[in-house]
Structure formats: C-alpha cells, structure tokens
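Student: The structure's right below; bear with me while I get my questions together.
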Amino acid sequence: MPMNLVIALTDKGWYDHLRARLDLTEVNFWAPSASPFRALQEGELFLFKLHAPRNFVVGGGVFAHATALPCSLAWEAFGEANGARTLSEMRSRIAHYRRADAIDKIDFKVGCRILTQPFFLSEPEWIPVPKNWPRHTQTFKTYAANEGEGLELWKALEDRKMLGRHTGFAEEATGPIRFGRPTLVQPRLGQGAFRIVVTDSYDRRCAVTSERTLPALDAAHIKPYGEGGRHERSNGLLLRRDLHKLFDDGYVTVTPDLAFEVSKRIKEEFENGRLYYALHGTRIRTPQNAAWQPDRAALTWHNEKRYNG
C-alpha cells in the first residue's frame, strides 16, 4: 500500500526538551496556527527538522491524529509532552510565533499533530534534509515513502535502527518493515491521544447530553486502563465530567444496547439525583464510523463488574 511521510519544522527548544525525556510514549507536535492538517493518514511517519541553518531531520514518530485545540486543553491532555516545562512557557512560544502579546489572556487555539512511538536522534545521527527541500518552507513537506527521496529517508532511519529501536515499530512490524519496504505502523495511543481521538470521534459532544462545552467534557474508559482496558476509540465514551465521575464510580452505566442507566444508589445515598434520573433510558450518541463504536464486550464488563444498579 503506497504511503507518505512528512518532514515538518520545529524549534530546537521543543526538540531539546523532549529528547531529554526518556519516558515518552506520545508527543504533541503543535503548530501556532489551527489550520487543518490532512497530509498523512493514521500510521504514517511524521518527521521533524530544526529551523535553518540546522537543515537536518532530528526525530519523528507515528502519526495518530490531527486536530485543533485551545492551548490550555492541549496542555491538560499532554503536559510536558507538548515540548515545554509549563503551560506558561508553551503559551509564550505560541505567542512568539503568532507575533502576539505573550501576556494576552486569549486561550490560543493551536494545531495538534499527535505522534506516538516518538524517537529523537542524537546529533551524530541527524539526517540531512532531501536536496529538494524548499529553502523557504515554513511548515512541512510531504514525500512518497516508497520512492525517491522519501525512500532514502526511510532507509536512513533503518540504518540508524530507529524503525526497530523504539516501542511500536519492532513489535508491530512484520517482515516488510525490517527489509526496507515502508508500511503503515499501528499507532499505540497514550492517555493524551486517547482523550483527544475519543473527543473528536464523538464530534465534541457528550454521548448522553450532547453538551458541547469542551472544557466540561472527558474521554472515559469503558474498561479502565489499569484493569486491562486499552487506550482505543472503541473503549471510550465522551461524557460530561460529572457523568464521567459517576460512570467510573458505578453510579451510571451504558448498556450493551447503548442505553444510559442510572443507579438507585444515587437517591439512596445522596437523597438527590433528579437531573440524572431524567436521563435514565437515554440512547447515547455514537461515532458515525462503525469501527469507533463502543465495544459491546467492554460495556458488558462495566455493567457486570462496575455498575451497581
């Protein structure tokens, strides 16, 4: 299957901060502009280079998702995996690139390119950009990964053992990736990526109430990660934050036939809950993509193991 890869520009501060973190499973490659990014499909390779005169590819990752978020929510989802030590530092960098006042209280909306299985090259491993790299490119350039300079980049990464050194590439790949033919890699979502892809899968609306106030919404695991659930779209529900808490604590559930149910325990324990009982029996909203629908086995698990009706 033909595939692409992208080389995008980043600053050295972002690279230096993240390269020093050895525990990263995902990063947010943000752009100061919230313009759409459609250059890659899920599982293709996203590489980054430093600004001129350092014309080298210095790292990359598996592309998982692209979206636009207020920087405060990007920070809430990814923290230092945004390439900054604090939200204030991240906002200052955004303001610099947008030529805005750093003390402006606007919650800048930024483009987020979420990468999993990230890797960072040490300086001796840096890869010169292709000869046809446009001198005045301000964003990114796309290459076909199976031919020409795109394939040369792929081979250069293989020579540096980047496609087998890091979690995801070696374990997910079969023969073709080890023998030099570019192929898609299954992104392994982390907690931050899970939150964002579930949010977008549900069109940024609570599955039960259709609430659209983004800071009030949470991506809930149907089966908790700590109990064997995965960071996958089908193991997620987008819920208003109070409903998320009640869901995690077993006061509400979603049945395998996608009905929202409220436990009698709310009234018994708190002598309250009228607003929640009004939602009892509501059929939840689900993603349009059939592959992203809530996993029925996970819903059954929640009904049987967590919910106390």
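Just remember, in the structure tokens the first chain shown is A, the second B, etc., residues are 1-based per chain, and ligands are 1-based in the order shown.
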Give me the residues near Asp203 of chain A as number ranges by chain, where near means some atom within 12 Å (using only C-alpha atoms) and where sequence neighbours in that chain fewer than 2 positions away do not count.

Tutor: A: 67, 196-201, 205-207, 210-214, 217, 237-239, 285-289

Student: Once you have the residues from the selection above, write them out as a compact mmCIF listing (two decimals), in the first residue's frame, restricted to N, CA and C atoms.

Tutor:
```txt
# COMPACT_ATOMS: atom_id res chain seq x y z
N THR A 67 -5.81 17.60 15.02
CA THR A 67 -6.99 18.35 15.45
C THR A 67 -6.54 19.76 15.81
N ILE A 196 -8.01 12.82 23.14
CA ILE A 196 -8.31 13.68 22.01
C ILE A 196 -9.05 12.92 20.90
N VAL A 197 -8.63 11.70 20.58
CA VAL A 197 -9.30 10.98 19.50
C VAL A 197 -10.73 10.60 19.89
N VAL A 198 -10.95 10.28 21.16
CA VAL A 198 -12.33 10.00 21.59
C VAL A 198 -13.17 11.27 21.52
N THR A 199 -12.60 12.38 21.95
CA THR A 199 -13.33 13.65 21.88
C THR A 199 -13.76 13.96 20.45
N ASP A 200 -12.85 13.80 19.50
CA ASP A 200 -13.18 14.09 18.11
C ASP A 200 -14.09 13.03 17.51
N SER A 201 -13.96 11.78 17.94
CA SER A 201 -14.82 10.70 17.42
C SER A 201 -16.28 10.98 17.73
N ARG A 205 -19.17 16.23 21.48
CA ARG A 205 -20.45 16.31 22.19
C ARG A 205 -20.57 15.15 23.16
N CYS A 206 -21.06 15.44 24.34
CA CYS A 206 -21.30 14.38 25.32
C CYS A 206 -22.22 13.33 24.72
N ALA A 207 -21.86 12.06 24.89
CA ALA A 207 -22.65 10.97 24.31
C ALA A 207 -24.05 10.89 24.90
N SER A 210 -25.32 15.57 24.87
CA SER A 210 -24.94 16.40 23.72
C SER A 210 -24.30 17.73 24.12
N GLU A 211 -23.88 17.85 25.37
CA GLU A 211 -23.17 19.05 25.81
C GLU A 211 -21.94 19.29 24.95
N ARG A 212 -21.70 20.57 24.56
CA ARG A 212 -20.61 20.89 23.65
C ARG A 212 -19.55 21.78 24.27
N THR A 213 -19.65 22.10 25.55
CA THR A 213 -18.65 22.94 26.20
C THR A 213 -17.40 22.10 26.43
N LEU A 214 -16.40 22.30 25.60
CA LEU A 214 -15.26 21.38 25.54
C LEU A 214 -14.56 21.19 26.88
N LEU A 217 -15.98 18.38 29.12
CA LEU A 217 -16.10 17.02 28.59
C LEU A 217 -14.85 16.20 28.89
N LEU A 237 -15.86 6.60 25.83
CA LEU A 237 -17.12 7.35 25.73
C LEU A 237 -16.80 8.80 26.05
N LEU A 238 -17.35 9.72 25.31
CA LEU A 238 -17.18 11.13 25.65
C LEU A 238 -18.35 11.53 26.56
N LEU A 239 -18.03 11.93 27.78
CA LEU A 239 -19.05 12.23 28.78
C LEU A 239 -18.79 13.59 29.42
N ARG A 285 -25.49 8.92 21.95
CA ARG A 285 -24.95 9.23 20.63
C ARG A 285 -23.67 8.44 20.44
N THR A 286 -23.42 7.95 19.25
CA THR A 286 -22.21 7.17 18.99
C THR A 286 -21.50 7.70 17.75
N PRO A 287 -20.21 7.42 17.60
CA PRO A 287 -19.49 7.86 16.40
C PRO A 287 -20.10 7.28 15.12
N GLN A 288 -19.99 8.04 14.05
CA GLN A 288 -20.52 7.57 12.77
C GLN A 288 -19.71 6.41 12.21
N ASN A 289 -18.41 6.42 12.45
CA ASN A 289 -17.55 5.35 11.96
C ASN A 289 -17.83 4.08 12.76
```

Student: Find the residues near Tyr276 of chain A: any atom within 12 Å, counting only C-alpha atoms, skip ones fewer than 4 places away on the same chain, and give them as a PyMOL selection string.

Tutor: chain A and resi 208-209+240+242-243+246-247+251-253+260-267+272+280-282

Student: For each of A:Phe37, A:Phe119, A:Phe270, A:Phe46, take the minimum atom-to-atom distance to Gly150 of chain A, counting only C-alpha atoms, then give the residue where this is smallest.

Tutor: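 Checking each candidate against Gly150 of chain A, we get A:Phe46 as the closest.
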
Student: Assign secondary structure with DSSP using the backbone only, and return the residues of segment 13-216 of chain A in strand (DSSP E or B) as JSON, numbers by chain.

Tutor: {"A": [26, 27, 28, 29, 30, 31, 45, 46, 47, 48, 49, 50, 56, 57, 58, 59, 60, 61, 62, 63, 64, 65, 66, 67, 68, 69, 70, 109, 110, 111, 112, 113, 114, 115, 116, 117, 118, 119, 120, 127, 128, 140, 141, 142, 143, 144]}

Student: Taking N, CA and C atoms for each residue, export the selection above as a short mmCIF file (atom, residue, chain, number, x, y, z; two decimals), in the first residue's frame.

Tutor:
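Wrote it out as result-v6.cif, contents follow:
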```cif
data_model
loop_
_atom_site.label_atom_id
_atom_site.label_comp_id
_atom_site.auth_asym_id
_atom_site.auth_seq_id
_atom_site.Cartn_x
_atom_site.Cartn_y
_atom_site.Cartn_z
N GLU A 26 4.14 9.35 23.67
CA GLU A 26 3.40 10.19 22.74
C GLU A 26 3.86 11.63 22.92
N VAL A 27 3.76 12.41 21.85
CA VAL A 27 4.06 13.84 21.92
C VAL A 27 3.04 14.59 21.09
N ASN A 28 2.88 15.85 21.43
CA ASN A 28 2.03 16.73 20.65
C ASN A 28 2.92 17.69 19.86
N PHE A 29 2.99 17.48 18.55
CA PHE A 29 3.71 18.40 17.67
C PHE A 29 2.71 19.49 17.30
N TRP A 30 2.75 20.58 18.04
CA TRP A 30 1.75 21.62 17.82
C TRP A 30 2.25 22.67 16.82
N ALA A 31 1.30 23.31 16.20
CA ALA A 31 1.58 24.40 15.27
C ALA A 31 0.84 25.63 15.76
N LEU A 45 4.49 8.04 8.77
CA LEU A 45 5.62 8.55 9.53
C LEU A 45 5.68 10.08 9.46
N PHE A 46 5.78 10.68 10.63
CA PHE A 46 5.87 12.14 10.76
C PHE A 46 7.27 12.46 11.31
N LEU A 47 8.08 13.14 10.50
CA LEU A 47 9.43 13.50 10.89
C LEU A 47 9.51 15.00 11.14
N PHE A 48 10.51 15.42 11.92
CA PHE A 48 10.67 16.85 12.14
C PHE A 48 12.12 17.25 12.01
N LYS A 49 12.31 18.47 11.50
CA LYS A 49 13.64 19.06 11.30
C LYS A 49 13.71 20.38 12.05
N LEU A 50 14.93 20.80 12.35
CA LEU A 50 15.14 22.07 13.00
C LEU A 50 15.11 23.20 11.97
N PHE A 56 18.48 19.52 9.21
CA PHE A 56 18.58 18.09 9.48
C PHE A 56 17.26 17.58 10.07
N VAL A 57 16.92 16.34 9.69
CA VAL A 57 15.85 15.62 10.36
C VAL A 57 16.41 15.12 11.69
N VAL A 58 15.70 15.42 12.79
CA VAL A 58 16.25 15.12 14.12
C VAL A 58 15.35 14.17 14.93
N GLY A 59 14.26 13.71 14.33
CA GLY A 59 13.39 12.77 15.05
C GLY A 59 12.08 12.59 14.33
N GLY A 60 11.17 11.87 14.98
CA GLY A 60 9.86 11.63 14.37
C GLY A 60 9.00 10.74 15.24
N GLY A 61 7.93 10.25 14.64
CA GLY A 61 7.01 9.37 15.34
C GLY A 61 5.94 8.89 14.39
N VAL A 62 5.04 8.07 14.90
CA VAL A 62 3.93 7.54 14.12
C VAL A 62 2.76 8.50 14.23
N PHE A 63 2.26 8.96 13.10
CA PHE A 63 1.15 9.91 13.11
C PHE A 63 -0.13 9.19 13.55
N ALA A 64 -0.81 9.77 14.56
CA ALA A 64 -2.02 9.15 15.10
C ALA A 64 -3.27 9.98 14.84
N HIS A 65 -3.17 11.32 14.89
CA HIS A 65 -4.38 12.12 14.80
C HIS A 65 -3.99 13.58 14.66
N ALA A 66 -4.84 14.37 14.00
CA ALA A 66 -4.65 15.81 13.92
C ALA A 66 -5.94 16.51 14.30
N THR A 67 -5.81 17.60 15.02
CA THR A 67 -6.99 18.35 15.45
C THR A 67 -6.54 19.76 15.81
N ALA A 68 -7.47 20.59 16.26
CA ALA A 68 -7.16 21.92 16.76
C ALA A 68 -7.76 22.05 18.15
N LEU A 69 -6.97 22.60 19.09
CA LEU A 69 -7.41 22.70 20.48
C LEU A 69 -6.97 24.02 21.09
N PRO A 70 -7.73 24.55 22.05
CA PRO A 70 -7.18 25.63 22.87
C PRO A 70 -5.91 25.13 23.56
N LYS A 109 -5.79 28.96 20.11
CA LYS A 109 -6.10 27.65 19.53
C LYS A 109 -4.93 27.25 18.63
N VAL A 110 -4.45 26.02 18.82
CA VAL A 110 -3.28 25.55 18.07
C VAL A 110 -3.62 24.27 17.31
N GLY A 111 -2.87 24.05 16.24
CA GLY A 111 -2.97 22.79 15.53
C GLY A 111 -2.19 21.71 16.26
N CYS A 112 -2.78 20.55 16.46
CA CYS A 112 -2.13 19.46 17.19
C CYS A 112 -1.95 18.28 16.25
N ARG A 113 -0.72 17.85 16.08
CA ARG A 113 -0.41 16.63 15.34
C ARG A 113 0.12 15.64 16.37
N ILE A 114 -0.68 14.67 16.70
CA ILE A 114 -0.37 13.75 17.80
C ILE A 114 0.43 12.58 17.26
N LEU A 115 1.61 12.37 17.87
CA LEU A 115 2.52 11.33 17.42
C LEU A 115 2.72 10.32 18.54
N THR A 116 2.69 9.05 18.18
CA THR A 116 3.01 8.00 19.14
C THR A 116 4.35 7.37 18.76
N GLN A 117 4.90 6.54 19.67
CA GLN A 117 6.20 5.91 19.45
C GLN A 117 7.25 6.94 19.01
N PRO A 118 7.38 8.08 19.70
CA PRO A 118 8.33 9.11 19.24
C PRO A 118 9.78 8.67 19.40
N PHE A 119 10.63 9.20 18.55
CA PHE A 119 12.07 8.97 18.68
C PHE A 119 12.81 10.26 18.37
N PHE A 120 13.98 10.41 18.99
CA PHE A 120 14.78 11.62 18.85
C PHE A 120 16.22 11.20 18.57
N ILE A 127 19.91 13.48 10.17
CA ILE A 127 19.84 13.14 8.74
C ILE A 127 19.67 14.42 7.92
N PRO A 128 20.54 14.69 6.98
CA PRO A 128 20.36 15.89 6.13
C PRO A 128 19.02 15.83 5.40
N PHE A 140 5.69 22.29 6.44
CA PHE A 140 6.09 20.91 6.23
C PHE A 140 6.11 20.59 4.74
N LYS A 141 6.71 19.43 4.41
CA LYS A 141 6.70 18.93 3.04
C LYS A 141 6.43 17.43 3.08
N THR A 142 5.64 16.96 2.14
CA THR A 142 5.25 15.56 2.07
C THR A 142 6.08 14.83 1.02
N TYR A 143 6.49 13.60 1.33
CA TYR A 143 7.25 12.75 0.41
C TYR A 143 6.57 11.39 0.30
N ALA A 144 6.65 10.77 -0.87
CA ALA A 144 6.23 9.38 -1.02
C ALA A 144 7.28 8.50 -0.35
#
```

Student: Fewer than 3 positions away in the same chain doesn't count, so skip those; otherwise give me all residues within 12 Å of Arg91 of chain A, counting only C-alpha atoms, as a ChimeraX atom specification.

Tutor: /A:30-32,70-75,82-88,94-110

Student: Write the residues of the preceding selection, restricted to C-alpha atoms, as a PDB file, in the first residue's frame.

Tutor:
```
ATOM      1  CA  TRP A  30       1.750  21.623  17.817  1.00  0.00           C
ATOM      2  CA  ALA A  31       1.576  24.395  15.268  1.00  0.00           C
ATOM      3  CA  PRO A  32       0.787  28.018  16.192  1.00  0.00           C
ATOM      4  CA  PRO A  70      -7.185  25.628  22.872  1.00  0.00           C
ATOM      5  CA  CYS A  71      -3.640  25.503  24.209  1.00  0.00           C
ATOM      6  CA  SER A  72      -4.930  25.015  27.775  1.00  0.00           C
ATOM      7  CA  LEU A  73      -6.643  21.769  26.763  1.00  0.00           C
ATOM      8  CA  ALA A  74      -3.621  20.634  24.769  1.00  0.00           C
ATOM      9  CA  TRP A  75      -1.593  21.163  27.935  1.00  0.00           C
ATOM     10  CA  ASN A  82       3.940  19.491  24.349  1.00  0.00           C
ATOM     11  CA  GLY A  83       7.665  20.248  24.442  1.00  0.00           C
ATOM     12  CA  ALA A  84       7.573  22.817  27.243  1.00  0.00           C
ATOM     13  CA  ARG A  85       8.077  22.741  31.013  1.00  0.00           C
ATOM     14  CA  THR A  86       4.933  24.722  31.831  1.00  0.00           C
ATOM     15  CA  LEU A  87       1.741  25.952  30.205  1.00  0.00           C
ATOM     16  CA  SER A  88       3.088  29.493  30.544  1.00  0.00           C
ATOM     17  CA  ILE A  94       2.828  30.213  20.679  1.00  0.00           C
ATOM     18  CA  ALA A  95       2.629  33.987  21.161  1.00  0.00           C
ATOM     19  CA  HIS A  96       6.139  34.361  19.697  1.00  0.00           C
ATOM     20  CA  TYR A  97       5.245  32.504  16.515  1.00  0.00           C
ATOM     21  CA  ARG A  98       1.882  34.251  16.212  1.00  0.00           C
ATOM     22  CA  ARG A  99       3.529  37.631  16.868  1.00  0.00           C
ATOM     23  CA  ALA A 100       1.036  38.143  19.676  1.00  0.00           C
ATOM     24  CA  ASP A 101       1.430  39.655  23.123  1.00  0.00           C
ATOM     25  CA  ALA A 102       2.618  36.917  25.480  1.00  0.00           C
ATOM     26  CA  ILE A 103       0.559  38.396  28.328  1.00  0.00           C
ATOM     27  CA  ASP A 104      -2.629  38.238  26.263  1.00  0.00           C
ATOM     28  CA  LYS A 105      -5.160  36.119  28.144  1.00  0.00           C
ATOM     29  CA  ILE A 106      -6.571  34.584  24.960  1.00  0.00           C
ATOM     30  CA  ASP A 107      -6.511  30.786  25.066  1.00  0.00           C
ATOM     31  CA  PHE A 108      -4.723  30.422  21.728  1.00  0.00           C
ATOM     32  CA  LYS A 109      -6.100  27.653  19.528  1.00  0.00           C
ATOM     33  CA  VAL A 110      -3.282  25.553  18.071  1.00  0.00           C
TER      34      VAL A 110
END
```

Student: Counting only C-alpha atoms, figure out which residue out of A:His136, A:Arg274, A:Lys131, A:Lys305 gets nearest to Leu153 of chain A.

Tutor: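 Answer, going by the shortest atom-to-atom distance: A:Lys131.
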
Student: As a PyMOL selection string, which residues of segment 98-274 of chain A does DSSP assign to helix (DSSP H, G or I)?

Tutor: chain A and resi 98+123-125+148-159+162-165+169-172+175-178+191-201+214-216+225-227+233-235+241-248+265-270+274

Student: From the set A:Leu157, A:Ala259, A:Leu24, A:Ala77, which residue has the shortest atom-to-atom contact distance to Arg283 of chain A, counting only C-alpha atoms?

Tutor: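 Ranking A:Leu157, A:Ala259, A:Leu24, A:Ala77 by distance to Arg283 of chain A, first place goes to A:Ala259.
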
Student: Go ahead and compute the interatomic distance for atom CA of Lys155 of chain A and atom CA of Pro36 of chain A, in Å to one decimal.

Tutor: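 These atoms are spaced 29.3 Å apart.
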
Student: For a quick check of understanding, using only C-alpha atoms, which of A:Arg204, A:His221, A:Arg135, A:Lys12 has the smallest distance to Lys245 of chain A?

Tutor: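 Under the stated criterion, the closest residue is A:His221.
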
Student: Counting only C-alpha atoms, figure out which residue out of A:Arg93, A:Pro182, A:Gly250, A:Ile7 gets nearest to Val129 of chain A.

Tutor: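 Comparing A:Arg93, A:Pro182, A:Gly250, A:Ile7 against Val129 of chain A, the winner is A:Ile7.
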
Student: Nearest to Leu5 of chain A among A:Gln41, A:Thr300, A:Gln186, A:Gln293, with distances taken over only C-alpha atoms: which residue is it?

Tutor: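 Answer, going by the shortest atom-to-atom distance: A:Gln41.
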
Student: How far is it from atom CA of Arg306 of chain A to atom CA of Asp218 of chain A, in Å with one decimal?

Tutor: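 Distance reported for this atom pair: 18.5 Å.
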